[in-house]
$ cat upload07.cif   # mmCIF, C-alpha atoms and all ligand atoms
data_protein
loop_
_atom_site.label_atom_id
_atom_site.label_comp_id
_atom_site.auth_asym_id
_atom_site.auth_seq_id
_atom_site.Cartn_x
_atom_site.Cartn_y
_atom_site.Cartn_z
CA MET A 2 14.46 -0.72 17.35
CA SER A 3 15.48 0.70 13.98
CA LEU A 4 15.25 -1.63 10.96
CA LYS A 5 17.02 -1.36 7.66
CA VAL A 6 14.38 -0.59 5.05
CA HIS A 7 14.55 -0.59 1.27
CA PHE A 8 12.04 1.39 -0.78
CA LEU A 9 11.45 -0.38 -4.09
CA ASN A 10 9.48 0.61 -7.17
CA GLY A 11 6.91 -1.77 -8.57
CA GLY A 12 5.87 0.16 -11.67
CA TYR A 13 3.54 3.11 -12.04
CA CYS A 14 0.41 4.37 -13.72
CA ARG A 15 -0.36 7.82 -15.04
CA GLN A 16 -3.22 9.96 -13.78
CA PHE A 17 -4.19 13.57 -14.10
CA LEU A 18 -3.17 15.52 -11.02
CA ALA A 19 -6.72 16.89 -11.17
CA SER A 20 -7.83 13.58 -9.65
CA VAL A 21 -6.23 14.89 -6.44
CA ASP A 22 -6.44 18.68 -6.58
CA GLY A 23 -9.46 19.10 -8.86
CA ARG A 24 -7.73 21.51 -11.25
CA SER A 25 -4.28 20.53 -12.63
CA LEU A 26 -4.64 18.98 -16.10
CA ARG A 27 -1.16 17.51 -15.92
CA LEU A 28 -0.36 13.81 -16.15
CA VAL A 29 1.65 12.60 -13.18
CA ARG A 30 3.01 9.23 -12.18
CA PHE A 31 1.46 7.24 -9.38
CA HIS A 32 4.37 5.02 -8.41
CA ALA A 33 3.65 1.63 -6.88
CA VAL A 34 6.30 1.64 -4.16
CA PHE A 35 6.78 -1.33 -1.90
CA LEU A 36 9.08 -1.90 1.05
CA ALA A 37 11.51 -4.55 2.26
CA PHE A 38 12.58 -4.48 5.91
CA HIS A 39 15.43 -6.45 7.36
CA HIS A 40 14.70 -7.50 10.93
CA PRO A 41 17.72 -8.81 12.88
CA THR A 42 15.95 -11.94 14.20
CA ILE A 43 12.81 -12.29 12.04
CA GLY A 44 14.56 -11.84 8.68
CA TRP A 45 13.08 -10.13 5.65
CA VAL A 46 9.63 -8.60 5.85
CA VAL A 47 8.10 -7.28 2.64
CA CYS A 48 5.27 -4.74 2.67
CA ASP A 49 3.18 -4.80 -0.54
CA THR A 50 4.50 -6.03 -3.87
CA GLY A 51 3.83 -3.38 -6.56
CA TYR A 52 2.20 -4.22 -9.89
CA GLY A 53 4.46 -7.27 -10.23
CA GLY A 54 4.59 -8.93 -13.62
CA ARG A 55 1.04 -10.23 -13.85
CA PHE A 56 -1.01 -7.12 -14.51
CA ARG A 57 -1.56 -7.85 -18.19
CA PRO A 58 -2.77 -11.44 -17.82
CA ALA A 59 -4.89 -10.36 -14.85
CA THR A 60 -6.65 -7.75 -17.02
CA ARG A 61 -7.07 -9.88 -20.14
CA ALA A 62 -10.69 -10.90 -19.50
CA TRP A 63 -13.71 -8.65 -19.26
CA PRO A 64 -14.65 -6.71 -17.26
CA TYR A 65 -11.18 -6.57 -15.67
CA ARG A 66 -9.78 -5.35 -18.98
CA LEU A 67 -11.43 -1.98 -18.27
CA TYR A 68 -8.82 -1.46 -15.56
CA ARG A 69 -6.10 -1.25 -18.26
CA TYR A 70 -7.91 1.55 -20.00
CA ALA A 71 -8.82 3.47 -16.85
CA THR A 72 -5.24 3.57 -15.53
CA PRO A 73 -2.51 2.96 -18.11
CA VAL A 74 0.08 0.93 -16.25
CA ARG A 75 3.80 0.67 -16.78
CA GLU A 76 5.08 -2.47 -15.08
CA ARG A 77 8.55 -2.60 -13.66
CA GLY A 78 9.27 -6.34 -13.72
CA THR A 79 8.42 -8.68 -10.93
CA ALA A 80 8.63 -8.02 -7.21
CA ALA A 81 11.06 -10.95 -7.07
CA ALA A 82 13.37 -9.22 -9.56
CA ALA A 83 13.32 -5.98 -7.55
CA LEU A 84 14.24 -7.90 -4.43
CA ALA A 85 16.92 -9.89 -6.21
CA ARG A 86 18.63 -6.58 -7.02
CA ILE A 87 19.11 -5.99 -3.29
CA GLY A 88 20.20 -9.60 -2.72
CA VAL A 89 16.89 -11.03 -1.45
CA ASP A 90 15.39 -14.30 -2.71
CA ALA A 91 11.61 -13.76 -2.74
CA ARG A 92 10.95 -17.50 -2.49
CA ARG A 93 12.59 -17.50 0.94
CA VAL A 94 10.83 -14.42 2.33
CA GLN A 95 8.81 -15.53 5.36
CA HIS A 96 6.67 -12.46 6.01
CA VAL A 97 4.60 -10.26 3.70
CA ILE A 98 2.32 -7.46 4.84
CA VAL A 99 -0.50 -6.45 2.49
CA THR A 100 -1.66 -2.91 3.23
CA HIS A 101 -4.72 -3.45 1.02
CA PHE A 102 -5.69 -5.59 -1.95
CA HIS A 103 -5.62 -3.05 -4.79
CA ALA A 104 -3.85 -4.44 -7.85
CA ASP A 105 -0.87 -2.09 -7.56
CA HIS A 106 -0.12 -3.51 -4.10
CA ILE A 107 -0.66 -7.24 -4.66
CA GLY A 108 0.59 -7.71 -8.23
CA GLY A 109 3.69 -9.56 -7.03
CA LEU A 110 2.08 -11.55 -4.22
CA GLY A 111 2.53 -14.76 -6.22
CA ASP A 112 6.33 -14.38 -5.92
CA PHE A 113 6.26 -15.27 -2.21
CA PRO A 114 5.16 -18.90 -1.92
CA SER A 115 6.76 -19.43 1.52
CA ALA A 116 5.53 -16.27 3.19
CA ARG A 117 3.02 -15.83 5.91
CA VAL A 118 0.80 -13.01 4.69
CA TYR A 119 -0.60 -10.43 7.10
CA TYR A 120 -3.66 -8.30 6.43
CA HIS A 121 -6.72 -6.84 8.10
CA GLU A 122 -9.80 -9.04 8.36
CA ASP A 123 -11.85 -6.68 6.15
CA ALA A 124 -9.21 -6.35 3.45
CA LEU A 125 -9.78 -9.37 1.23
CA GLN A 126 -13.22 -10.72 1.99
CA SER A 127 -14.97 -7.43 1.25
CA LEU A 128 -13.46 -7.27 -2.24
CA ALA A 129 -13.67 -10.99 -3.02
CA ALA A 130 -17.41 -10.89 -2.33
CA LEU A 131 -18.09 -8.25 -5.00
CA LYS A 132 -19.30 -8.94 -8.52
CA PRO A 133 -16.60 -8.69 -11.25
CA PHE A 134 -17.62 -5.26 -12.53
CA LYS A 135 -17.64 -3.81 -9.03
CA GLN A 136 -14.30 -5.50 -8.30
CA THR A 137 -12.86 -3.74 -11.35
CA SER A 138 -14.10 -0.34 -10.23
CA CYS A 139 -12.60 -1.07 -6.80
CA ALA A 140 -9.15 -1.82 -8.38
CA PHE A 141 -9.31 -5.47 -7.32
CA LEU A 142 -8.12 -8.21 -9.70
CA PRO A 143 -8.92 -11.55 -8.07
CA SER A 144 -6.46 -13.57 -10.16
CA LEU A 145 -3.59 -11.70 -8.47
CA VAL A 146 -4.48 -13.41 -5.17
CA PRO A 147 -2.51 -16.69 -4.96
CA ALA A 148 -4.53 -19.89 -4.54
CA GLN A 149 -4.66 -21.10 -0.94
CA LEU A 150 -3.53 -17.71 0.33
CA GLN A 151 -5.81 -17.94 3.32
CA SER A 152 -4.15 -21.16 4.53
CA ARG A 153 -0.90 -19.24 5.10
CA SER A 154 -2.39 -15.92 6.12
CA LYS A 155 -2.50 -14.24 9.45
CA VAL A 156 -5.73 -12.32 9.23
CA LEU A 157 -5.79 -9.54 11.78
CA SER A 158 -9.12 -8.89 13.43
CA ARG A 159 -10.09 -5.62 15.05
CA ASP A 160 -9.20 -7.19 18.39
CA HIS A 161 -5.56 -7.30 17.36
CA PHE A 162 -5.46 -3.49 17.23
CA GLN A 163 -5.30 -1.12 20.15
CA HIS A 164 -5.73 2.61 20.10
CA ASP A 165 -2.42 4.43 20.13
CA ALA A 166 -2.60 7.87 21.71
CA ASP A 167 0.41 9.26 19.81
CA LEU A 168 -0.80 8.17 16.38
CA SER A 169 -4.54 8.48 17.18
CA PHE A 170 -5.18 5.30 15.18
CA PRO A 171 -5.57 1.61 16.14
CA VAL A 172 -2.19 -0.13 16.09
CA HIS A 173 -0.99 -3.75 16.04
CA ASP A 174 2.60 -4.46 17.10
CA LEU A 175 3.38 -7.18 14.54
CA PHE A 176 6.35 -8.87 16.22
CA ARG A 177 5.68 -7.57 19.74
CA ASP A 178 8.96 -5.72 19.83
CA GLY A 179 7.85 -2.32 18.53
CA SER A 180 9.85 -2.74 15.31
CA LEU A 181 6.90 -2.79 12.90
CA ARG A 182 3.55 -1.46 13.98
CA LEU A 183 0.58 -1.92 11.66
CA VAL A 184 -1.75 1.06 11.73
CA HIS A 185 -5.39 0.81 10.68
CA LEU A 186 -6.07 3.73 8.35
CA PRO A 187 -9.65 3.18 7.18
CA GLY A 188 -11.40 4.66 4.18
CA HIS A 189 -9.34 4.25 1.02
CA ALA A 190 -9.80 0.47 0.77
CA PRO A 191 -11.33 -2.11 3.11
CA GLY A 192 -9.09 -2.75 6.09
CA GLN A 193 -6.32 -0.52 4.80
CA LEU A 194 -3.13 -0.59 6.87
CA GLY A 195 -0.10 1.62 7.15
CA VAL A 196 3.21 0.71 8.80
CA GLN A 197 4.93 2.69 11.52
CA PHE A 198 8.61 2.08 12.14
CA GLU A 199 11.77 3.76 13.28
CA HIS A 200 13.62 5.03 10.23
CA GLU A 201 17.22 6.23 10.38
CA SER A 202 15.76 9.75 10.04
CA GLY A 203 13.28 9.26 12.91
CA PRO A 204 9.79 7.84 13.52
CA LEU A 205 8.04 7.27 10.20
CA LEU A 206 4.45 6.40 9.29
CA TYR A 207 4.16 4.84 5.86
CA ALA A 208 0.50 5.51 5.13
CA ALA A 209 0.24 3.42 1.92
CA ASP A 210 -2.76 4.95 0.09
CA ALA A 211 -4.45 6.71 3.01
CA TYR A 212 -3.49 9.79 1.02
CA TRP A 213 -1.97 10.00 -2.45
CA ARG A 214 -0.20 13.34 -2.53
CA LYS A 215 1.40 15.26 0.29
CA MET A 216 -0.70 18.35 -0.45
CA GLN A 217 -3.69 16.48 1.01
CA VAL A 218 -2.14 16.47 4.48
CA SER A 219 0.24 19.43 4.32
CA GLU A 220 -1.91 21.98 2.48
CA GLY A 221 -5.40 20.75 3.30
CA THR A 222 -6.20 19.86 -0.31
CA ASP A 223 -9.48 17.92 -0.43
CA LEU A 224 -10.10 15.32 -3.11
CA PRO A 225 -12.60 16.38 -5.77
CA ALA A 226 -16.05 14.84 -5.28
CA LEU A 227 -15.64 12.24 -8.02
CA THR A 228 -12.36 10.86 -6.68
CA ARG A 229 -13.61 10.97 -3.11
CA LYS A 230 -16.57 8.85 -4.17
CA LEU A 231 -14.20 6.20 -5.52
CA GLN A 232 -12.81 5.62 -2.03
CA TRP A 233 -14.18 2.55 -0.29
CA ASP A 234 -15.68 4.49 2.61
CA PRO A 235 -15.60 8.24 1.91
CA PRO A 236 -16.59 9.46 5.43
CA ALA A 237 -13.94 7.17 6.99
CA TYR A 238 -11.43 8.46 4.40
CA ASP A 239 -12.20 12.05 5.47
CA GLU A 240 -11.73 11.16 9.11
CA THR A 241 -8.41 9.44 8.42
CA ILE A 242 -7.17 12.42 6.40
CA ALA A 243 -8.18 14.79 9.22
CA ARG A 244 -6.16 12.75 11.70
CA LEU A 245 -3.18 12.56 9.34
CA ARG A 246 -3.27 16.34 8.92
CA HIS A 247 -3.14 16.70 12.67
CA LEU A 248 -0.28 14.19 12.85
CA HIS A 249 1.61 16.04 10.12
CA SER A 250 1.18 19.43 11.82
CA HIS A 251 2.37 17.90 15.09
CA GLY A 252 5.62 16.86 13.42
CA ARG A 253 6.35 13.85 15.60
CA PHE A 254 6.07 11.34 12.74
CA LYS A 255 7.37 11.68 9.23
CA LEU A 256 4.53 10.76 6.84
CA LEU A 257 5.09 9.01 3.52
CA ALA A 258 2.58 7.58 1.05
CA CYS A 259 3.00 4.97 -1.66
CA HIS A 260 2.16 7.09 -4.70
CA ASP A 261 3.59 10.43 -3.59
CA ASP A 262 6.61 11.86 -5.40
CA GLU A 263 8.39 12.56 -2.11
CA THR A 264 8.65 8.82 -1.45
CA GLN A 265 10.74 8.49 -4.61
CA SER A 266 13.58 10.28 -2.84
CA TYR A 267 13.78 7.33 -0.43
CA LEU A 268 14.57 4.88 -3.21
CA GLU A 269 18.16 3.78 -3.13
CA ARG A 270 18.38 2.55 -6.69
CA GLU A 271 16.88 3.13 -10.07
CA PRO A 272 14.42 5.92 -9.37
CA TYR A 273 12.44 6.74 -12.46
CA GLY A 274 13.85 9.56 -14.52
ZN ZN B 1 -5.03 1.72 -3.21
#
$ encode --input "upload07.cif" --output "structure tokens"
Amino acid sequence: MSLKVHFLNGGYCRQFLASVDGRSLRLVRFHAVFLAFHHPTIGWVVCDTGYGGRFRPATRAWPYRLYRYATPVRERGTAAAALARIGVDARRVQHVIVTHFHADHIGGLGDFPSARVYYHEDALQSLAALKPFKQTSCAFLPSLVPAQLQSRSKVLSRDHFQHDADLSFPVHDLFRDGSLRLVHLPGHAPGQLGVQFEHESGPLLYAADAYWRKMQVSEGTDLPALTRKLQWDPPAYDETIARLRHLHSHGRFKLLACHDDETQSYLEREPYG
């Protein structure tokens, strides 16, 4: 089943490309893309929410304020406003997938008060349990998590995922119809998920932050040691990248990542100039 999908921009931050390739002293944008799927019977399903409009208040207090200085962020309005531009009322959205709880993916989570929120069992609790300074270095801003989120969450345990031979990752078929398959891509953040779906151009794996730039999977570029160390579980990250490289070389699935420039070409409106 092929779903209509909208790629939306939820702001960006600037980083040196050297954080990926270890050498290019050029500032590049790390866009915070998020997705909105229209399912014919389920309705709208949103995957991630960008920086939203709450990054500044969420980084007002110490030590979270350090996050502002480490990654200068340019917000792009609320997730609700981005959805309104494609005719979707965020307050009525019933399903939100969180790939992982980094601030650039959950900044707009508060815009979806009616939604059931889906995430991996490791995704939130591992970060919520950290001390504030460690949360900051792990890109987690606890005030972006809506109160009572857990009461309307569907937390996906490992048992929900089954190994998929084609993808070579554990997969959970979210609506049991093959339309949206959540793929566990460990390493970058606790319980990180990607989404596999049938795009109009063919089978697509949206890998969220399992890699940042296409060169990591297409050219074998390894992260420099410092950036690799910032990943939640560096050995798991390496293993995930190795499998994604294999998947890319195989050519069966188109790979896209949240922050990669290539994903910008999938935006229908208002790409950044
Ligand atoms: Zn991330």
$ closest_residue --input "upload07.cif" --among "A:His103, A:His200, A:Arg27, A:His251" --to "ligand ZN 1 (chain B)" --atoms "only C-alpha atoms and all ligand atoms"
A:His103
$ residues_near_ligand --input "upload07.cif" --ligand "ligand ZN 1 (chain B)" --cutoff "9 Å" --atoms "all atoms listed in the file" --output "list in words"
Thr100, His101, Phe102, His103, Ala104, Asp105, His106, Cys139, Ala140, His189, Ala190, Gln193, Ala209, Asp210, Ala211, Trp213, Gln232 and Cys259 of chain A
$ residues_around --input "upload07.cif" --residues "Arg117 (chain A)" --least-positions-apart "5" --cutoff "8 Å" --atoms "only C-alpha atoms" --output "PDB file with C-alpha atoms, in the frame of the given file"
ATOM      1  CA  GLN A  95       8.810 -15.530   5.360  1.00  0.00           C
ATOM      2  CA  HIS A  96       6.670 -12.460   6.010  1.00  0.00           C
ATOM      3  CA  VAL A  97       4.600 -10.260   3.700  1.00  0.00           C
ATOM      4  CA  ARG A 153      -0.900 -19.240   5.100  1.00  0.00           C
ATOM      5  CA  SER A 154      -2.390 -15.920   6.120  1.00  0.00           C
ATOM      6  CA  LYS A 155      -2.500 -14.240   9.450  1.00  0.00           C
TER       7      LYS A 155
END
$ closest_residue --input "upload07.cif" --among "A:Asn10, A:Ser250, A:Thr264, A:Ser25" --to "Glu76 (chain A)" --atoms "all atoms listed in the file"
A:Asn10
$ residues_near_point --input "upload07.cif" --point "(7.2, 13.9, 13.3)" --cutoff "12 Å" --atoms "all atoms listed in the file" --output "ChimeraX atom specification"
/A:167-168,197-200,202-206,245-257
$ write_last_selection --input "upload07.cif" --atoms "C-alpha atoms" --output "mmCIF file, in the frame of the given file"
data_model
loop_
_atom_site.group_PDB
_atom_site.id
_atom_site.type_symbol
_atom_site.label_atom_id
_atom_site.label_comp_id
_atom_site.auth_asym_id
_atom_site.auth_seq_id
_atom_site.Cartn_x
_atom_site.Cartn_y
_atom_site.Cartn_z
ATOM 1 C CA ASP A 167 0.410 9.260 19.810
ATOM 2 C CA LEU A 168 -0.800 8.170 16.380
ATOM 3 C CA GLN A 197 4.930 2.690 11.520
ATOM 4 C CA PHE A 198 8.610 2.080 12.140
ATOM 5 C CA GLU A 199 11.770 3.760 13.280
ATOM 6 C CA HIS A 200 13.620 5.030 10.230
ATOM 7 C CA SER A 202 15.760 9.750 10.040
ATOM 8 C CA GLY A 203 13.280 9.260 12.910
ATOM 9 C CA PRO A 204 9.790 7.840 13.520
ATOM 10 C CA LEU A 205 8.040 7.270 10.200
ATOM 11 C CA LEU A 206 4.450 6.400 9.290
ATOM 12 C CA LEU A 245 -3.180 12.560 9.340
ATOM 13 C CA ARG A 246 -3.270 16.340 8.920
ATOM 14 C CA HIS A 247 -3.140 16.700 12.670
ATOM 15 C CA LEU A 248 -0.280 14.190 12.850
ATOM 16 C CA HIS A 249 1.610 16.040 10.120
ATOM 17 C CA SER A 250 1.180 19.430 11.820
ATOM 18 C CA HIS A 251 2.370 17.900 15.090
ATOM 19 C CA GLY A 252 5.620 16.860 13.420
ATOM 20 C CA ARG A 253 6.350 13.850 15.600
ATOM 21 C CA PHE A 254 6.070 11.340 12.740
ATOM 22 C CA LYS A 255 7.370 11.680 9.230
ATOM 23 C CA LEU A 256 4.530 10.760 6.840
ATOM 24 C CA LEU A 257 5.090 9.010 3.520
#
$ closest_residue --input "upload07.cif" --among "A:Gly11, A:Tyr70, A:Leu84, A:Leu18" --to "Arg55 (chain A)" --atoms "only C-alpha atoms"
A:Gly11
$ residues_around --input "upload07.cif" --residues "Val89 (chain A)" --least-positions-apart "6" --cutoff "12 Å" --atoms "only C-alpha atoms" --output "list in words"
His7, Ala37, Phe38, His39, Gly44, Trp45, Val46, Val47, Ala80, Ala81, Ala82, Ala83, Gln95, Asp112 and Phe113 of chain A
$ axis_aligned_box --input "upload07.cif" --around "region 233-242 of chain A" --padding-each-side "3 Å" --output "JSON"
{"center_x": -11.9, "center_y": 7.5, "center_z": 4.4, "size_x": 15.4, "size_y": 15.9, "size_z": 15.4}
$ residues_near_point --input "upload07.cif" --point "(-7.8, 9.8, 13.7)" --cutoff "12 Å" --atoms "only C-alpha atoms" --output "ChimeraX atom specification"
/A:164-172,184-188,211,237-249
$ closest_residue --input "upload07.cif" --among "A:Leu150, A:Leu157, A:Ala116, A:Val21" --to "Val218 (chain A)" --atoms "all atoms listed in the file"
A:Val21
$ atom_distance --input "upload07.cif" --atom1 "CA of Gly51 (chain A)" --atom2 "CA of Gly195 (chain A)"
15.1 Å
$ atom_distance --input "upload07.cif" --atom1 "CA of Phe134 (chain A)" --atom2 "CA of Pro64 (chain A)"
5.8 Å
$ closest_residue --input "upload07.cif" --among "A:Val94, A:Ala85, A:Leu227, A:Ala148" --to "Ile43 (chain A)" --atoms "only C-alpha atoms"
A:Val94
$ atom_distance --input "upload07.cif" --atom1 "CA of Arg30 (chain A)" --atom2 "CA of Thr228 (chain A)"
16.4 Å
$ closest_residue --input "upload07.cif" --among "A:Tyr120, A:Gly78, A:Phe162, A:Asp22" --to "Ala226 (chain A)" --atoms "all atoms listed in the file"
A:Asp22
$ residues_around --input "upload07.cif" --residues "Arg24 (chain A)" --least-positions-apart "6" --cutoff "12 Å" --atoms "all atoms listed in the file" --output "MDAnalysis selection string"
chainID A and resid 17:18 222:225
$ decode --input "upload07.cif" --residues "region 117-181 of chain A" --atoms "C-alpha atoms" --output "compact mmCIF listing (two decimals), in the first residue's frame"
# COMPACT_ATOMS: atom_id res chain seq x y z
CA ARG A 117 -1.42 8.40 20.44
CA VAL A 118 2.36 8.57 20.47
CA TYR A 119 4.46 5.61 19.36
CA TYR A 120 8.08 5.05 20.36
CA HIS A 121 10.54 2.36 21.34
CA GLU A 122 10.64 1.30 24.98
CA ASP A 123 14.25 2.50 25.38
CA ALA A 124 13.68 5.87 23.74
CA LEU A 125 12.36 8.05 26.55
CA GLN A 126 13.16 6.34 29.81
CA SER A 127 16.90 6.17 29.11
CA LEU A 128 17.09 9.93 28.56
CA ALA A 129 14.62 10.93 31.29
CA ALA A 130 16.73 9.05 33.84
CA LEU A 131 19.87 11.10 33.13
CA LYS A 132 21.05 14.09 35.15
CA PRO A 133 20.39 17.51 33.53
CA PHE A 134 23.94 18.08 32.29
CA LYS A 135 24.07 14.65 30.70
CA GLN A 136 20.61 15.20 29.20
CA THR A 137 21.93 18.38 27.58
CA SER A 138 24.92 16.61 26.07
CA CYS A 139 22.52 13.94 24.78
CA ALA A 140 20.35 16.62 23.03
CA PHE A 141 17.40 15.90 25.32
CA LEU A 142 15.28 18.77 26.68
CA PRO A 143 12.78 17.27 29.13
CA SER A 144 10.37 20.23 29.03
CA LEU A 145 9.61 19.40 25.38
CA VAL A 146 7.93 16.16 26.51
CA PRO A 147 4.23 16.90 27.15
CA ALA A 148 2.90 16.13 30.63
CA GLN A 149 1.06 12.82 30.83
CA LEU A 150 2.59 11.68 27.55
CA GLN A 151 2.94 8.14 28.80
CA SER A 152 -0.81 7.84 29.44
CA ARG A 153 -1.45 8.18 25.69
CA SER A 154 1.66 6.44 24.44
CA LYS A 155 2.07 3.12 22.79
CA VAL A 156 5.50 2.10 23.95
CA LEU A 157 6.93 -0.56 21.70
CA SER A 158 8.93 -3.26 23.41
CA ARG A 159 11.53 -5.40 21.68
CA ASP A 160 8.89 -8.11 21.41
CA HIS A 161 6.92 -5.94 19.00
CA PHE A 162 9.78 -6.13 16.48
CA GLN A 163 10.66 -9.04 14.25
CA HIS A 164 13.75 -9.47 12.16
CA ASP A 165 13.15 -8.58 8.54
CA ALA A 166 15.41 -10.44 6.13
CA ASP A 167 15.20 -7.79 3.38
CA LEU A 168 16.05 -4.86 5.63
CA SER A 169 18.28 -6.86 8.03
CA PHE A 170 16.82 -4.90 10.96
CA PRO A 171 14.00 -5.60 13.45
CA VAL A 172 10.69 -4.29 12.11
CA HIS A 173 7.25 -3.53 13.59
CA ASP A 174 4.29 -3.30 11.21
CA LEU A 175 2.49 -0.39 12.89
CA PHE A 176 -1.02 -0.85 11.48
CA ARG A 177 -0.62 -4.50 10.45
CA ASP A 178 -1.19 -3.68 6.82
CA GLY A 179 2.39 -3.12 5.68
CA SER A 180 1.78 0.60 5.10
CA LEU A 181 4.16 1.91 7.77
